[in-house]
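Structure file coords01.cif (mmCIF, N, CA and C atoms) follows.
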```cif
data_run
loop_
_atom_site.label_atom_id
_atom_site.label_comp_id
_atom_site.auth_asym_id
_atom_site.auth_seq_id
_atom_site.Cartn_x
_atom_site.Cartn_y
_atom_site.Cartn_z
N MET A 23 136.73 215.45 -73.41
CA MET A 23 137.13 214.83 -72.18
C MET A 23 138.05 215.78 -71.43
N LEU A 24 137.75 216.01 -70.16
CA LEU A 24 138.58 216.86 -69.31
C LEU A 24 139.67 216.05 -68.63
N VAL A 25 140.83 216.68 -68.46
CA VAL A 25 141.95 216.06 -67.76
C VAL A 25 142.57 217.09 -66.80
N ARG A 26 143.28 216.56 -65.82
CA ARG A 26 144.05 217.38 -64.89
C ARG A 26 145.48 216.87 -64.92
N LEU A 27 146.42 217.79 -65.08
CA LEU A 27 147.84 217.45 -65.11
C LEU A 27 148.54 218.32 -64.06
N LEU A 28 149.39 217.69 -63.27
CA LEU A 28 150.18 218.38 -62.26
C LEU A 28 151.64 218.06 -62.50
N TYR A 29 152.46 219.10 -62.57
CA TYR A 29 153.89 218.88 -62.78
C TYR A 29 154.69 219.82 -61.88
N ALA A 30 155.95 219.47 -61.71
CA ALA A 30 156.90 220.31 -60.99
C ALA A 30 158.05 220.63 -61.95
N SER A 31 158.67 221.78 -61.73
CA SER A 31 159.86 222.14 -62.50
C SER A 31 160.68 223.13 -61.70
N ARG A 32 161.87 223.35 -62.18
CA ARG A 32 162.74 224.36 -61.58
C ARG A 32 163.07 225.38 -62.68
N SER A 33 163.23 226.60 -62.26
CA SER A 33 163.60 227.65 -63.19
C SER A 33 165.05 227.46 -63.62
N ALA A 34 165.29 227.59 -64.90
CA ALA A 34 166.64 227.44 -65.42
C ALA A 34 167.56 228.55 -64.91
N LYS A 35 166.98 229.71 -64.63
CA LYS A 35 167.75 230.80 -64.04
C LYS A 35 166.80 231.61 -63.15
N PRO A 36 167.35 232.35 -62.20
CA PRO A 36 166.50 233.11 -61.27
C PRO A 36 165.56 234.06 -62.02
N LEU A 37 164.34 234.15 -61.50
CA LEU A 37 163.34 235.03 -62.10
C LEU A 37 163.03 236.17 -61.15
N CYS A 38 162.91 237.37 -61.69
CA CYS A 38 162.49 238.50 -60.88
C CYS A 38 160.96 238.59 -60.93
N SER A 39 160.39 239.43 -60.09
CA SER A 39 158.93 239.51 -60.01
C SER A 39 158.32 239.98 -61.33
N GLU A 40 159.02 240.83 -62.06
CA GLU A 40 158.49 241.29 -63.35
C GLU A 40 158.40 240.14 -64.36
N GLN A 41 159.39 239.24 -64.33
CA GLN A 41 159.36 238.08 -65.23
C GLN A 41 158.22 237.14 -64.85
N MET A 42 158.01 236.94 -63.54
CA MET A 42 156.89 236.10 -63.10
C MET A 42 155.57 236.72 -63.54
N ASP A 43 155.44 238.02 -63.38
CA ASP A 43 154.22 238.71 -63.80
C ASP A 43 153.99 238.53 -65.30
N ALA A 44 155.05 238.58 -66.09
CA ALA A 44 154.93 238.41 -67.55
C ALA A 44 154.48 236.99 -67.90
N ILE A 45 155.04 236.00 -67.20
CA ILE A 45 154.64 234.60 -67.44
C ILE A 45 153.17 234.41 -67.12
N LEU A 46 152.74 234.94 -65.97
CA LEU A 46 151.34 234.81 -65.58
C LEU A 46 150.42 235.56 -66.54
N ALA A 47 150.82 236.74 -66.97
CA ALA A 47 150.01 237.50 -67.91
C ALA A 47 149.85 236.74 -69.23
N GLU A 48 150.92 236.12 -69.68
CA GLU A 48 150.87 235.33 -70.91
C GLU A 48 149.90 234.15 -70.75
N SER A 49 149.98 233.47 -69.62
CA SER A 49 149.08 232.34 -69.36
C SER A 49 147.63 232.81 -69.32
N ARG A 50 147.40 233.91 -68.63
CA ARG A 50 146.04 234.41 -68.49
C ARG A 50 145.47 234.90 -69.81
N ALA A 51 146.35 235.33 -70.71
CA ALA A 51 145.90 235.80 -72.02
C ALA A 51 145.56 234.65 -72.96
N HIS A 52 146.35 233.56 -72.90
CA HIS A 52 146.19 232.47 -73.87
C HIS A 52 145.32 231.32 -73.36
N ASN A 53 145.32 231.06 -72.08
CA ASN A 53 144.61 229.89 -71.57
C ASN A 53 143.10 229.92 -71.82
N PRO A 54 142.41 231.07 -71.64
CA PRO A 54 140.96 231.06 -71.88
C PRO A 54 140.59 230.64 -73.29
N ASP A 55 141.37 231.06 -74.27
CA ASP A 55 141.08 230.70 -75.66
C ASP A 55 141.18 229.20 -75.89
N ASN A 56 141.99 228.53 -75.08
CA ASN A 56 142.19 227.09 -75.21
C ASN A 56 141.40 226.29 -74.18
N GLY A 57 140.60 226.97 -73.36
CA GLY A 57 139.81 226.27 -72.35
C GLY A 57 140.66 225.68 -71.24
N VAL A 58 141.83 226.25 -71.00
CA VAL A 58 142.73 225.74 -69.96
C VAL A 58 142.61 226.61 -68.72
N THR A 59 142.47 225.97 -67.57
CA THR A 59 142.47 226.65 -66.29
C THR A 59 143.56 226.02 -65.44
N GLY A 60 143.90 226.65 -64.33
CA GLY A 60 144.91 226.04 -63.48
C GLY A 60 145.45 226.97 -62.44
N ILE A 61 146.54 226.55 -61.86
CA ILE A 61 147.16 227.29 -60.78
C ILE A 61 148.66 227.05 -60.82
N LEU A 62 149.41 228.09 -60.50
CA LEU A 62 150.86 228.02 -60.45
C LEU A 62 151.30 228.37 -59.04
N CYS A 63 152.09 227.50 -58.45
CA CYS A 63 152.60 227.68 -57.10
C CYS A 63 154.11 227.70 -57.20
N TYR A 64 154.74 228.71 -56.60
CA TYR A 64 156.19 228.78 -56.71
C TYR A 64 156.82 229.25 -55.42
N SER A 65 158.03 228.84 -55.23
CA SER A 65 158.85 229.28 -54.11
C SER A 65 160.30 229.21 -54.56
N GLY A 66 160.97 230.35 -54.57
CA GLY A 66 162.34 230.39 -55.06
C GLY A 66 162.37 229.98 -56.52
N ASP A 67 163.13 228.93 -56.84
CA ASP A 67 163.22 228.46 -58.22
C ASP A 67 162.34 227.25 -58.50
N THR A 68 161.50 226.85 -57.54
CA THR A 68 160.68 225.65 -57.67
C THR A 68 159.24 226.02 -58.02
N PHE A 69 158.71 225.33 -59.02
CA PHE A 69 157.35 225.56 -59.47
C PHE A 69 156.54 224.28 -59.39
N MET A 70 155.27 224.43 -59.11
CA MET A 70 154.31 223.33 -59.19
C MET A 70 153.09 223.92 -59.89
N GLN A 71 152.64 223.27 -60.94
CA GLN A 71 151.54 223.82 -61.70
C GLN A 71 150.52 222.75 -62.03
N VAL A 72 149.24 223.13 -61.93
CA VAL A 72 148.12 222.30 -62.34
C VAL A 72 147.54 222.91 -63.60
N LEU A 73 147.30 222.06 -64.59
CA LEU A 73 146.62 222.46 -65.82
C LEU A 73 145.37 221.60 -65.95
N GLU A 74 144.25 222.22 -66.24
CA GLU A 74 143.01 221.49 -66.46
C GLU A 74 142.39 221.94 -67.78
N GLY A 75 141.75 221.01 -68.46
CA GLY A 75 141.09 221.33 -69.71
C GLY A 75 140.94 220.10 -70.57
N GLY A 76 140.70 220.31 -71.85
CA GLY A 76 140.59 219.20 -72.78
C GLY A 76 141.91 218.46 -72.89
N ARG A 77 141.84 217.16 -73.13
CA ARG A 77 143.07 216.35 -73.19
C ARG A 77 144.05 216.89 -74.22
N ARG A 78 143.58 217.22 -75.40
CA ARG A 78 144.47 217.70 -76.46
C ARG A 78 145.11 219.03 -76.06
N GLU A 79 144.32 219.95 -75.53
CA GLU A 79 144.85 221.27 -75.18
C GLU A 79 145.86 221.20 -74.03
N VAL A 80 145.55 220.40 -73.01
CA VAL A 80 146.47 220.27 -71.88
C VAL A 80 147.75 219.57 -72.32
N SER A 81 147.61 218.53 -73.13
CA SER A 81 148.79 217.81 -73.62
C SER A 81 149.67 218.70 -74.48
N THR A 82 149.06 219.50 -75.33
CA THR A 82 149.82 220.41 -76.19
C THR A 82 150.56 221.45 -75.35
N LEU A 83 149.88 222.00 -74.35
CA LEU A 83 150.52 222.99 -73.50
C LEU A 83 151.66 222.36 -72.69
N TYR A 84 151.43 221.19 -72.13
CA TYR A 84 152.50 220.53 -71.36
C TYR A 84 153.70 220.20 -72.25
N ASN A 85 153.43 219.76 -73.46
CA ASN A 85 154.52 219.48 -74.40
C ASN A 85 155.34 220.75 -74.68
N ALA A 86 154.66 221.88 -74.83
CA ALA A 86 155.37 223.14 -75.04
C ALA A 86 156.22 223.50 -73.81
N ILE A 87 155.69 223.26 -72.63
CA ILE A 87 156.41 223.55 -71.40
C ILE A 87 157.66 222.68 -71.31
N THR A 88 157.55 221.41 -71.70
CA THR A 88 158.72 220.52 -71.63
C THR A 88 159.84 220.97 -72.55
N HIS A 89 159.50 221.73 -73.59
CA HIS A 89 160.51 222.23 -74.53
C HIS A 89 160.92 223.69 -74.25
N ASP A 90 160.35 224.27 -73.21
CA ASP A 90 160.65 225.65 -72.86
C ASP A 90 161.98 225.71 -72.11
N PRO A 91 162.98 226.43 -72.61
CA PRO A 91 164.29 226.45 -71.97
C PRO A 91 164.30 227.14 -70.60
N ARG A 92 163.20 227.78 -70.24
CA ARG A 92 163.13 228.41 -68.91
C ARG A 92 162.94 227.38 -67.81
N HIS A 93 162.59 226.12 -68.18
CA HIS A 93 162.34 225.05 -67.21
C HIS A 93 163.43 224.00 -67.27
N HIS A 94 163.70 223.37 -66.14
CA HIS A 94 164.48 222.14 -66.12
C HIS A 94 163.98 221.29 -64.96
N ASP A 95 164.45 220.07 -64.86
CA ASP A 95 163.98 219.12 -63.84
C ASP A 95 162.46 218.95 -63.88
N LEU A 96 161.88 218.96 -65.06
CA LEU A 96 160.44 218.76 -65.19
C LEU A 96 160.06 217.36 -64.74
N MET A 97 159.03 217.28 -63.90
CA MET A 97 158.56 215.98 -63.43
C MET A 97 157.03 215.97 -63.42
N LEU A 98 156.45 215.00 -64.11
CA LEU A 98 155.01 214.82 -64.09
C LEU A 98 154.65 214.18 -62.76
N LEU A 99 153.81 214.86 -61.97
CA LEU A 99 153.44 214.36 -60.65
C LEU A 99 152.10 213.63 -60.65
N HIS A 100 151.19 214.07 -61.56
CA HIS A 100 149.85 213.49 -61.53
C HIS A 100 149.16 213.79 -62.87
N PHE A 101 148.42 212.82 -63.36
CA PHE A 101 147.60 213.01 -64.55
C PHE A 101 146.36 212.16 -64.39
N GLU A 102 145.19 212.75 -64.65
CA GLU A 102 143.96 211.98 -64.53
C GLU A 102 142.87 212.56 -65.41
N GLU A 103 141.95 211.70 -65.81
CA GLU A 103 140.73 212.15 -66.45
C GLU A 103 139.80 212.60 -65.33
N ILE A 104 139.09 213.71 -65.56
CA ILE A 104 138.24 214.26 -64.52
C ILE A 104 136.83 214.52 -65.03
N ARG A 105 135.89 214.56 -64.11
CA ARG A 105 134.50 214.89 -64.47
C ARG A 105 134.26 216.38 -64.42
N GLU A 106 134.99 217.03 -63.50
CA GLU A 106 134.85 218.47 -63.36
C GLU A 106 136.17 219.08 -62.90
N ARG A 107 136.31 220.36 -63.13
CA ARG A 107 137.54 221.06 -62.78
C ARG A 107 137.52 221.44 -61.30
N ARG A 108 138.68 221.42 -60.67
CA ARG A 108 138.85 221.95 -59.32
C ARG A 108 139.27 223.41 -59.37
N PHE A 109 139.96 223.79 -60.43
CA PHE A 109 140.54 225.13 -60.53
C PHE A 109 139.87 225.92 -61.66
N PHE A 110 138.55 225.78 -61.76
CA PHE A 110 137.80 226.38 -62.86
C PHE A 110 137.74 227.90 -62.78
N GLY A 111 137.95 228.46 -61.61
CA GLY A 111 137.86 229.91 -61.46
C GLY A 111 139.12 230.64 -61.83
N TRP A 112 140.16 229.91 -62.24
CA TRP A 112 141.44 230.55 -62.50
C TRP A 112 141.90 230.28 -63.93
N THR A 113 142.10 231.35 -64.69
CA THR A 113 142.77 231.16 -65.98
C THR A 113 144.23 230.83 -65.70
N MET A 114 144.76 231.34 -64.59
CA MET A 114 146.03 230.90 -64.03
C MET A 114 146.20 231.59 -62.69
N GLY A 115 145.75 230.90 -61.63
CA GLY A 115 145.92 231.43 -60.28
C GLY A 115 147.38 231.36 -59.88
N GLN A 116 147.75 232.17 -58.90
CA GLN A 116 149.14 232.26 -58.48
C GLN A 116 149.24 232.15 -56.97
N VAL A 117 150.16 231.33 -56.51
CA VAL A 117 150.47 231.24 -55.09
C VAL A 117 151.94 231.55 -54.91
N ASN A 118 152.24 232.55 -54.12
CA ASN A 118 153.62 232.83 -53.76
C ASN A 118 153.81 232.30 -52.35
N LEU A 119 154.51 231.20 -52.21
CA LEU A 119 154.63 230.55 -50.91
C LEU A 119 155.43 231.36 -49.90
N ALA A 120 156.12 232.38 -50.35
CA ALA A 120 156.80 233.24 -49.40
C ALA A 120 155.80 233.95 -48.50
N LYS A 121 154.55 234.02 -48.94
CA LYS A 121 153.50 234.70 -48.18
C LYS A 121 152.56 233.73 -47.48
N VAL A 122 152.86 232.45 -47.51
CA VAL A 122 152.00 231.43 -46.89
C VAL A 122 152.58 231.04 -45.53
N ASN A 123 151.69 230.82 -44.57
CA ASN A 123 152.12 230.38 -43.25
C ASN A 123 152.88 229.06 -43.39
N PRO A 124 154.11 228.99 -42.87
CA PRO A 124 154.92 227.77 -43.01
C PRO A 124 154.24 226.52 -42.43
N SER A 125 153.35 226.69 -41.46
CA SER A 125 152.68 225.52 -40.89
C SER A 125 151.76 224.84 -41.91
N THR A 126 151.26 225.60 -42.86
CA THR A 126 150.45 225.00 -43.93
C THR A 126 151.30 224.04 -44.75
N LEU A 127 152.50 224.46 -45.08
CA LEU A 127 153.40 223.58 -45.84
C LEU A 127 153.83 222.39 -45.00
N LEU A 128 154.10 222.62 -43.72
CA LEU A 128 154.55 221.55 -42.84
C LEU A 128 153.47 220.48 -42.65
N LYS A 129 152.23 220.87 -42.79
CA LYS A 129 151.12 219.91 -42.68
C LYS A 129 151.24 218.81 -43.74
N TYR A 130 151.80 219.16 -44.91
CA TYR A 130 151.85 218.23 -46.04
C TYR A 130 153.23 217.69 -46.37
N SER A 131 154.26 218.24 -45.76
CA SER A 131 155.61 217.80 -46.13
C SER A 131 156.52 217.72 -44.91
N GLU A 132 157.71 217.19 -45.14
CA GLU A 132 158.66 216.99 -44.06
C GLU A 132 159.21 218.30 -43.52
N LYS A 133 159.31 219.30 -44.38
CA LYS A 133 159.85 220.60 -43.99
C LYS A 133 158.89 221.69 -44.45
N PRO A 134 158.92 222.86 -43.82
CA PRO A 134 158.00 223.94 -44.21
C PRO A 134 158.47 224.69 -45.46
N GLU A 135 158.68 223.93 -46.54
CA GLU A 135 159.10 224.52 -47.81
C GLU A 135 158.49 223.71 -48.95
N LEU A 136 158.37 224.35 -50.09
CA LEU A 136 157.82 223.66 -51.25
C LEU A 136 158.87 222.76 -51.88
N ASP A 137 158.59 221.47 -51.86
CA ASP A 137 159.44 220.50 -52.55
C ASP A 137 158.54 219.43 -53.15
N PRO A 138 157.89 219.76 -54.27
CA PRO A 138 156.95 218.81 -54.87
C PRO A 138 157.61 217.51 -55.33
N TYR A 139 158.92 217.51 -55.44
CA TYR A 139 159.64 216.31 -55.86
C TYR A 139 159.59 215.23 -54.79
N THR A 140 159.27 215.60 -53.57
CA THR A 140 159.19 214.64 -52.47
C THR A 140 157.75 214.32 -52.07
N LEU A 141 156.78 214.93 -52.74
CA LEU A 141 155.37 214.72 -52.42
C LEU A 141 154.70 213.89 -53.50
N SER A 142 153.69 213.16 -53.10
CA SER A 142 152.89 212.45 -54.11
C SER A 142 151.99 213.48 -54.81
N GLY A 143 151.47 213.09 -55.94
CA GLY A 143 150.56 213.97 -56.67
C GLY A 143 149.31 214.29 -55.86
N SER A 144 148.77 213.29 -55.16
CA SER A 144 147.55 213.53 -54.38
C SER A 144 147.81 214.47 -53.21
N VAL A 145 148.97 214.36 -52.58
CA VAL A 145 149.32 215.27 -51.49
C VAL A 145 149.51 216.69 -52.04
N SER A 146 150.15 216.81 -53.17
CA SER A 146 150.34 218.12 -53.79
C SER A 146 148.99 218.77 -54.11
N LEU A 147 148.06 218.00 -54.64
CA LEU A 147 146.72 218.54 -54.93
C LEU A 147 146.01 218.95 -53.65
N ALA A 148 146.16 218.17 -52.59
CA ALA A 148 145.54 218.52 -51.30
C ALA A 148 146.11 219.84 -50.78
N LEU A 149 147.41 220.03 -50.91
CA LEU A 149 148.03 221.29 -50.50
C LEU A 149 147.44 222.45 -51.29
N LEU A 150 147.31 222.29 -52.60
CA LEU A 150 146.76 223.37 -53.43
C LEU A 150 145.31 223.66 -53.06
N GLU A 151 144.54 222.63 -52.75
CA GLU A 151 143.15 222.84 -52.35
C GLU A 151 143.08 223.61 -51.04
N GLU A 152 143.98 223.31 -50.10
CA GLU A 152 144.00 224.08 -48.85
C GLU A 152 144.38 225.53 -49.10
N LEU A 153 145.30 225.75 -50.00
CA LEU A 153 145.67 227.12 -50.32
C LEU A 153 144.49 227.89 -50.92
N ILE A 154 143.67 227.21 -51.70
CA ILE A 154 142.46 227.84 -52.22
C ILE A 154 141.51 228.17 -51.07
N ALA A 155 141.30 227.20 -50.19
CA ALA A 155 140.36 227.37 -49.07
C ALA A 155 140.80 228.49 -48.12
N THR A 156 142.09 228.72 -48.02
CA THR A 156 142.59 229.75 -47.11
C THR A 156 142.88 231.06 -47.84
N ALA A 157 142.42 231.16 -49.07
CA ALA A 157 142.54 232.38 -49.87
C ALA A 157 143.99 232.82 -50.05
N ALA A 158 144.88 231.86 -50.19
CA ALA A 158 146.29 232.18 -50.41
C ALA A 158 146.60 232.34 -51.89
N ILE A 159 145.60 232.22 -52.72
CA ILE A 159 145.80 232.29 -54.17
C ILE A 159 145.35 233.64 -54.68
N ILE A 160 146.18 234.25 -55.50
CA ILE A 160 145.83 235.54 -56.08
C ILE A 160 145.76 235.43 -57.59
N GLY A 161 145.09 236.36 -58.18
CA GLY A 161 145.05 236.42 -59.65
C GLY A 161 144.17 235.35 -60.25
N ARG A 162 143.15 235.74 -60.92
CA ARG A 162 142.25 234.80 -61.54
C ARG A 162 142.44 234.87 -63.03
#
```
structure tokens encoding of this file:
Amino acid sequence: MLVRLLYASRSAKPLCSEQMDAILAESRAHNPDNGVTGILCYSGDTFMQVLEGGRREVSTLYNAITHDPRHHDLMLLHFEEIRERRFFGWTMGQVNLAKVNPSTLLKYSEKPELDPYTLSGSVSLALLEELIATAAIIGR
């Protein structure tokens, strides 16, 4: 059974681009073996991530994330059983919102900044789908 999980978190401490690259490289190395796909969207210290895959694999990964000291303010935004993946082309796609047109963010939120804590899960997914459609996602 396939599931989709969307969560938000904040970095426990500031991350440099090399640390972000290492996190993404680790995800891209391990996720294919576990059948997990997804996308990571970040701006400053705020992260929003979608994980898709088998229920056991996604649940195990999310549980590990909840115990990872690099995260705090973890919030589950959306969880559902799915028939097919939306983010199947990404072992872990990456969106750096510093490079996204602010009007795209303003379309979905009160301010032109990423604040998934104020968005519903469905709105957050719609934002991510638009980012895919506008090719704002890098790294497969």
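Of note, atom N of Val145 in chain A and atom N of Leu62 in chain A are spaced 15.9 Å apart.
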Original post:
Got a sec: who's within 12 Å of Tyr130 in chain A, counting only C-alpha atoms, leaving out chain neighbours fewer than 3 positions off, as a ChimeraX atom specification?
Top reply: /A:124-127,133-138,140-153
**OP:** Excluding Val58 in chain A and residues on its chain fewer than 3 positions from it, collect all residues at most 8 Å away from it, counting only C-alpha atoms, and give them as a ChimeraX atom specification.
**Re:** /A:53-55,73-76,79-80,113
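Residues captured in this structure file are A:Leu24, A:Val25, A:Gly75, A:Gly76, A:Arg77, A:Arg78, A:Glu103, A:Ile104, according to the PyMOL selection byres ((chain A and resi 23) around 7).
The space separating CA of His52 in chain A from CA of Arg92 in chain A comes to 18.1 Å.
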Please expand the PyMOL selection byres ((chain A and resi 27) around 6.5) into the concrete residues it hits in this file, giving the result as a short mmCIF file (atom, residue, chain, number, x, y, z; two decimals) with N, CA and C atoms, keeping the file's coordinate frame.
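Once written, result-v1.cif looks like this:
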```cif
data_model
loop_
_atom_site.label_atom_id
_atom_site.label_comp_id
_atom_site.auth_asym_id
_atom_site.auth_seq_id
_atom_site.Cartn_x
_atom_site.Cartn_y
_atom_site.Cartn_z
N VAL A 25 140.83 216.68 -68.46
CA VAL A 25 141.95 216.06 -67.76
C VAL A 25 142.57 217.09 -66.80
N ARG A 26 143.28 216.56 -65.82
CA ARG A 26 144.05 217.38 -64.89
C ARG A 26 145.48 216.87 -64.92
N LEU A 28 149.39 217.69 -63.27
CA LEU A 28 150.18 218.38 -62.26
C LEU A 28 151.64 218.06 -62.50
N TYR A 29 152.46 219.10 -62.57
CA TYR A 29 153.89 218.88 -62.78
C TYR A 29 154.69 219.82 -61.88
N GLN A 71 152.64 223.27 -60.94
CA GLN A 71 151.54 223.82 -61.70
C GLN A 71 150.52 222.75 -62.03
N VAL A 72 149.24 223.13 -61.93
CA VAL A 72 148.12 222.30 -62.34
C VAL A 72 147.54 222.91 -63.60
N LEU A 73 147.30 222.06 -64.59
CA LEU A 73 146.62 222.46 -65.82
C LEU A 73 145.37 221.60 -65.95
N GLU A 74 144.25 222.22 -66.24
CA GLU A 74 143.01 221.49 -66.46
C GLU A 74 142.39 221.94 -67.78
N HIS A 100 151.19 214.07 -61.56
CA HIS A 100 149.85 213.49 -61.53
C HIS A 100 149.16 213.79 -62.87
N PHE A 101 148.42 212.82 -63.36
CA PHE A 101 147.60 213.01 -64.55
C PHE A 101 146.36 212.16 -64.39
N GLU A 102 145.19 212.75 -64.65
CA GLU A 102 143.96 211.98 -64.53
C GLU A 102 142.87 212.56 -65.41
#
```
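Reported to one decimal place, the separation of CA of Ala51 in chain A from CA of Arg32 in chain A is 22.9 Å.
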**OP:** Return as a VMD selection string the full set of residues in range 41-141 of chain A whose backbone-based DSSP assignment is strand (DSSP E or B).
**Re:** chain A and resid 59 to 65 68 to 76 93 to 104 115 to 118
Subject >> Output check: residues returned by the PyMOL selection byres ((chain A and resi 64) around 8), as a PyMOL selection string >> reply: chain A and resi 61-63+65-71+116-120+136
Export of prior selection with N, CA and C atoms as a PDB file, in the coordinates of the input:
```
ATOM      1  N   ILE A  61     146.540 226.550 -61.860  1.00  0.00           N
ATOM      2  CA  ILE A  61     147.160 227.290 -60.780  1.00  0.00           C
ATOM      3  C   ILE A  61     148.660 227.050 -60.820  1.00  0.00           C
ATOM      4  N   LEU A  62     149.410 228.090 -60.500  1.00  0.00           N
ATOM      5  CA  LEU A  62     150.860 228.020 -60.450  1.00  0.00           C
ATOM      6  C   LEU A  62     151.300 228.370 -59.040  1.00  0.00           C
ATOM      7  N   CYS A  63     152.090 227.500 -58.450  1.00  0.00           N
ATOM      8  CA  CYS A  63     152.600 227.680 -57.100  1.00  0.00           C
ATOM      9  C   CYS A  63     154.110 227.700 -57.200  1.00  0.00           C
ATOM     10  N   SER A  65     158.030 228.840 -55.230  1.00  0.00           N
ATOM     11  CA  SER A  65     158.850 229.280 -54.110  1.00  0.00           C
ATOM     12  C   SER A  65     160.300 229.210 -54.560  1.00  0.00           C
ATOM     13  N   GLY A  66     160.970 230.350 -54.570  1.00  0.00           N
ATOM     14  CA  GLY A  66     162.340 230.390 -55.060  1.00  0.00           C
ATOM     15  C   GLY A  66     162.370 229.980 -56.520  1.00  0.00           C
ATOM     16  N   ASP A  67     163.130 228.930 -56.840  1.00  0.00           N
ATOM     17  CA  ASP A  67     163.220 228.460 -58.220  1.00  0.00           C
ATOM     18  C   ASP A  67     162.340 227.250 -58.500  1.00  0.00           C
ATOM     19  N   THR A  68     161.500 226.850 -57.540  1.00  0.00           N
ATOM     20  CA  THR A  68     160.680 225.650 -57.670  1.00  0.00           C
ATOM     21  C   THR A  68     159.240 226.020 -58.020  1.00  0.00           C
ATOM     22  N   PHE A  69     158.710 225.330 -59.020  1.00  0.00           N
ATOM     23  CA  PHE A  69     157.350 225.560 -59.470  1.00  0.00           C
ATOM     24  C   PHE A  69     156.540 224.280 -59.390  1.00  0.00           C
ATOM     25  N   MET A  70     155.270 224.430 -59.110  1.00  0.00           N
ATOM     26  CA  MET A  70     154.310 223.330 -59.190  1.00  0.00           C
ATOM     27  C   MET A  70     153.090 223.920 -59.890  1.00  0.00           C
ATOM     28  N   GLN A  71     152.640 223.270 -60.940  1.00  0.00           N
ATOM     29  CA  GLN A  71     151.540 223.820 -61.700  1.00  0.00           C
ATOM     30  C   GLN A  71     150.520 222.750 -62.030  1.00  0.00           C
ATOM     31  N   GLN A 116     147.750 232.170 -58.900  1.00  0.00           N
ATOM     32  CA  GLN A 116     149.140 232.260 -58.480  1.00  0.00           C
ATOM     33  C   GLN A 116     149.240 232.150 -56.970  1.00  0.00           C
ATOM     34  N   VAL A 117     150.160 231.330 -56.510  1.00  0.00           N
ATOM     35  CA  VAL A 117     150.470 231.240 -55.090  1.00  0.00           C
ATOM     36  C   VAL A 117     151.940 231.550 -54.910  1.00  0.00           C
ATOM     37  N   ASN A 118     152.240 232.550 -54.120  1.00  0.00           N
ATOM     38  CA  ASN A 118     153.620 232.830 -53.760  1.00  0.00           C
ATOM     39  C   ASN A 118     153.810 232.300 -52.350  1.00  0.00           C
ATOM     40  N   LEU A 119     154.510 231.200 -52.210  1.00  0.00           N
ATOM     41  CA  LEU A 119     154.630 230.550 -50.910  1.00  0.00           C
ATOM     42  C   LEU A 119     155.430 231.360 -49.900  1.00  0.00           C
ATOM     43  N   ALA A 120     156.120 232.380 -50.350  1.00  0.00           N
ATOM     44  CA  ALA A 120     156.800 233.240 -49.400  1.00  0.00           C
ATOM     45  C   ALA A 120     155.800 233.950 -48.500  1.00  0.00           C
ATOM     46  N   LEU A 136     158.370 224.350 -50.090  1.00  0.00           N
ATOM     47  CA  LEU A 136     157.820 223.660 -51.250  1.00  0.00           C
ATOM     48  C   LEU A 136     158.870 222.760 -51.880  1.00  0.00           C
TER      49      LEU A 136
END
```
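Those residues in range 24-79 of chain A carrying a DSSP assignment of alpha helix (DSSP H), computed from the backbone, are Ser39, Glu40, Gln41, Met42, Asp43, Ala44, Ile45, Leu46, Ala47, Glu48, Ser49, Arg50, Ala51, His52, Asn53, Pro54, Asp55, Asn56, Arg77, Arg78 and Glu79 of chain A.
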Residues as selected, N, CA and C atoms, written as a short mmCIF file (atom, residue, chain, number, x, y, z; two decimals), in the frame of the given file, can you do that?
```
data_model
loop_
_atom_site.label_atom_id
_atom_site.label_comp_id
_atom_site.auth_asym_id
_atom_site.auth_seq_id
_atom_site.Cartn_x
_atom_site.Cartn_y
_atom_site.Cartn_z
N SER A 39 160.39 239.43 -60.09
CA SER A 39 158.93 239.51 -60.01
C SER A 39 158.32 239.98 -61.33
N GLU A 40 159.02 240.83 -62.06
CA GLU A 40 158.49 241.29 -63.35
C GLU A 40 158.40 240.14 -64.36
N GLN A 41 159.39 239.24 -64.33
CA GLN A 41 159.36 238.08 -65.23
C GLN A 41 158.22 237.14 -64.85
N MET A 42 158.01 236.94 -63.54
CA MET A 42 156.89 236.10 -63.10
C MET A 42 155.57 236.72 -63.54
N ASP A 43 155.44 238.02 -63.38
CA ASP A 43 154.22 238.71 -63.80
C ASP A 43 153.99 238.53 -65.30
N ALA A 44 155.05 238.58 -66.09
CA ALA A 44 154.93 238.41 -67.55
C ALA A 44 154.48 236.99 -67.90
N ILE A 45 155.04 236.00 -67.20
CA ILE A 45 154.64 234.60 -67.44
C ILE A 45 153.17 234.41 -67.12
N LEU A 46 152.74 234.94 -65.97
CA LEU A 46 151.34 234.81 -65.58
C LEU A 46 150.42 235.56 -66.54
N ALA A 47 150.82 236.74 -66.97
CA ALA A 47 150.01 237.50 -67.91
C ALA A 47 149.85 236.74 -69.23
N GLU A 48 150.92 236.12 -69.68
CA GLU A 48 150.87 235.33 -70.91
C GLU A 48 149.90 234.15 -70.75
N SER A 49 149.98 233.47 -69.62
CA SER A 49 149.08 232.34 -69.36
C SER A 49 147.63 232.81 -69.32
N ARG A 50 147.40 233.91 -68.63
CA ARG A 50 146.04 234.41 -68.49
C ARG A 50 145.47 234.90 -69.81
N ALA A 51 146.35 235.33 -70.71
CA ALA A 51 145.90 235.80 -72.02
C ALA A 51 145.56 234.65 -72.96
N HIS A 52 146.35 233.56 -72.90
CA HIS A 52 146.19 232.47 -73.87
C HIS A 52 145.32 231.32 -73.36
N ASN A 53 145.32 231.06 -72.08
CA ASN A 53 144.61 229.89 -71.57
C ASN A 53 143.10 229.92 -71.82
N PRO A 54 142.41 231.07 -71.64
CA PRO A 54 140.96 231.06 -71.88
C PRO A 54 140.59 230.64 -73.29
N ASP A 55 141.37 231.06 -74.27
CA ASP A 55 141.08 230.70 -75.66
C ASP A 55 141.18 229.20 -75.89
N ASN A 56 141.99 228.53 -75.08
CA ASN A 56 142.19 227.09 -75.21
C ASN A 56 141.40 226.29 -74.18
N ARG A 77 141.84 217.16 -73.13
CA ARG A 77 143.07 216.35 -73.19
C ARG A 77 144.05 216.89 -74.22
N ARG A 78 143.58 217.22 -75.40
CA ARG A 78 144.47 217.70 -76.46
C ARG A 78 145.11 219.03 -76.06
N GLU A 79 144.32 219.95 -75.53
CA GLU A 79 144.85 221.27 -75.18
C GLU A 79 145.86 221.20 -74.03
#
```
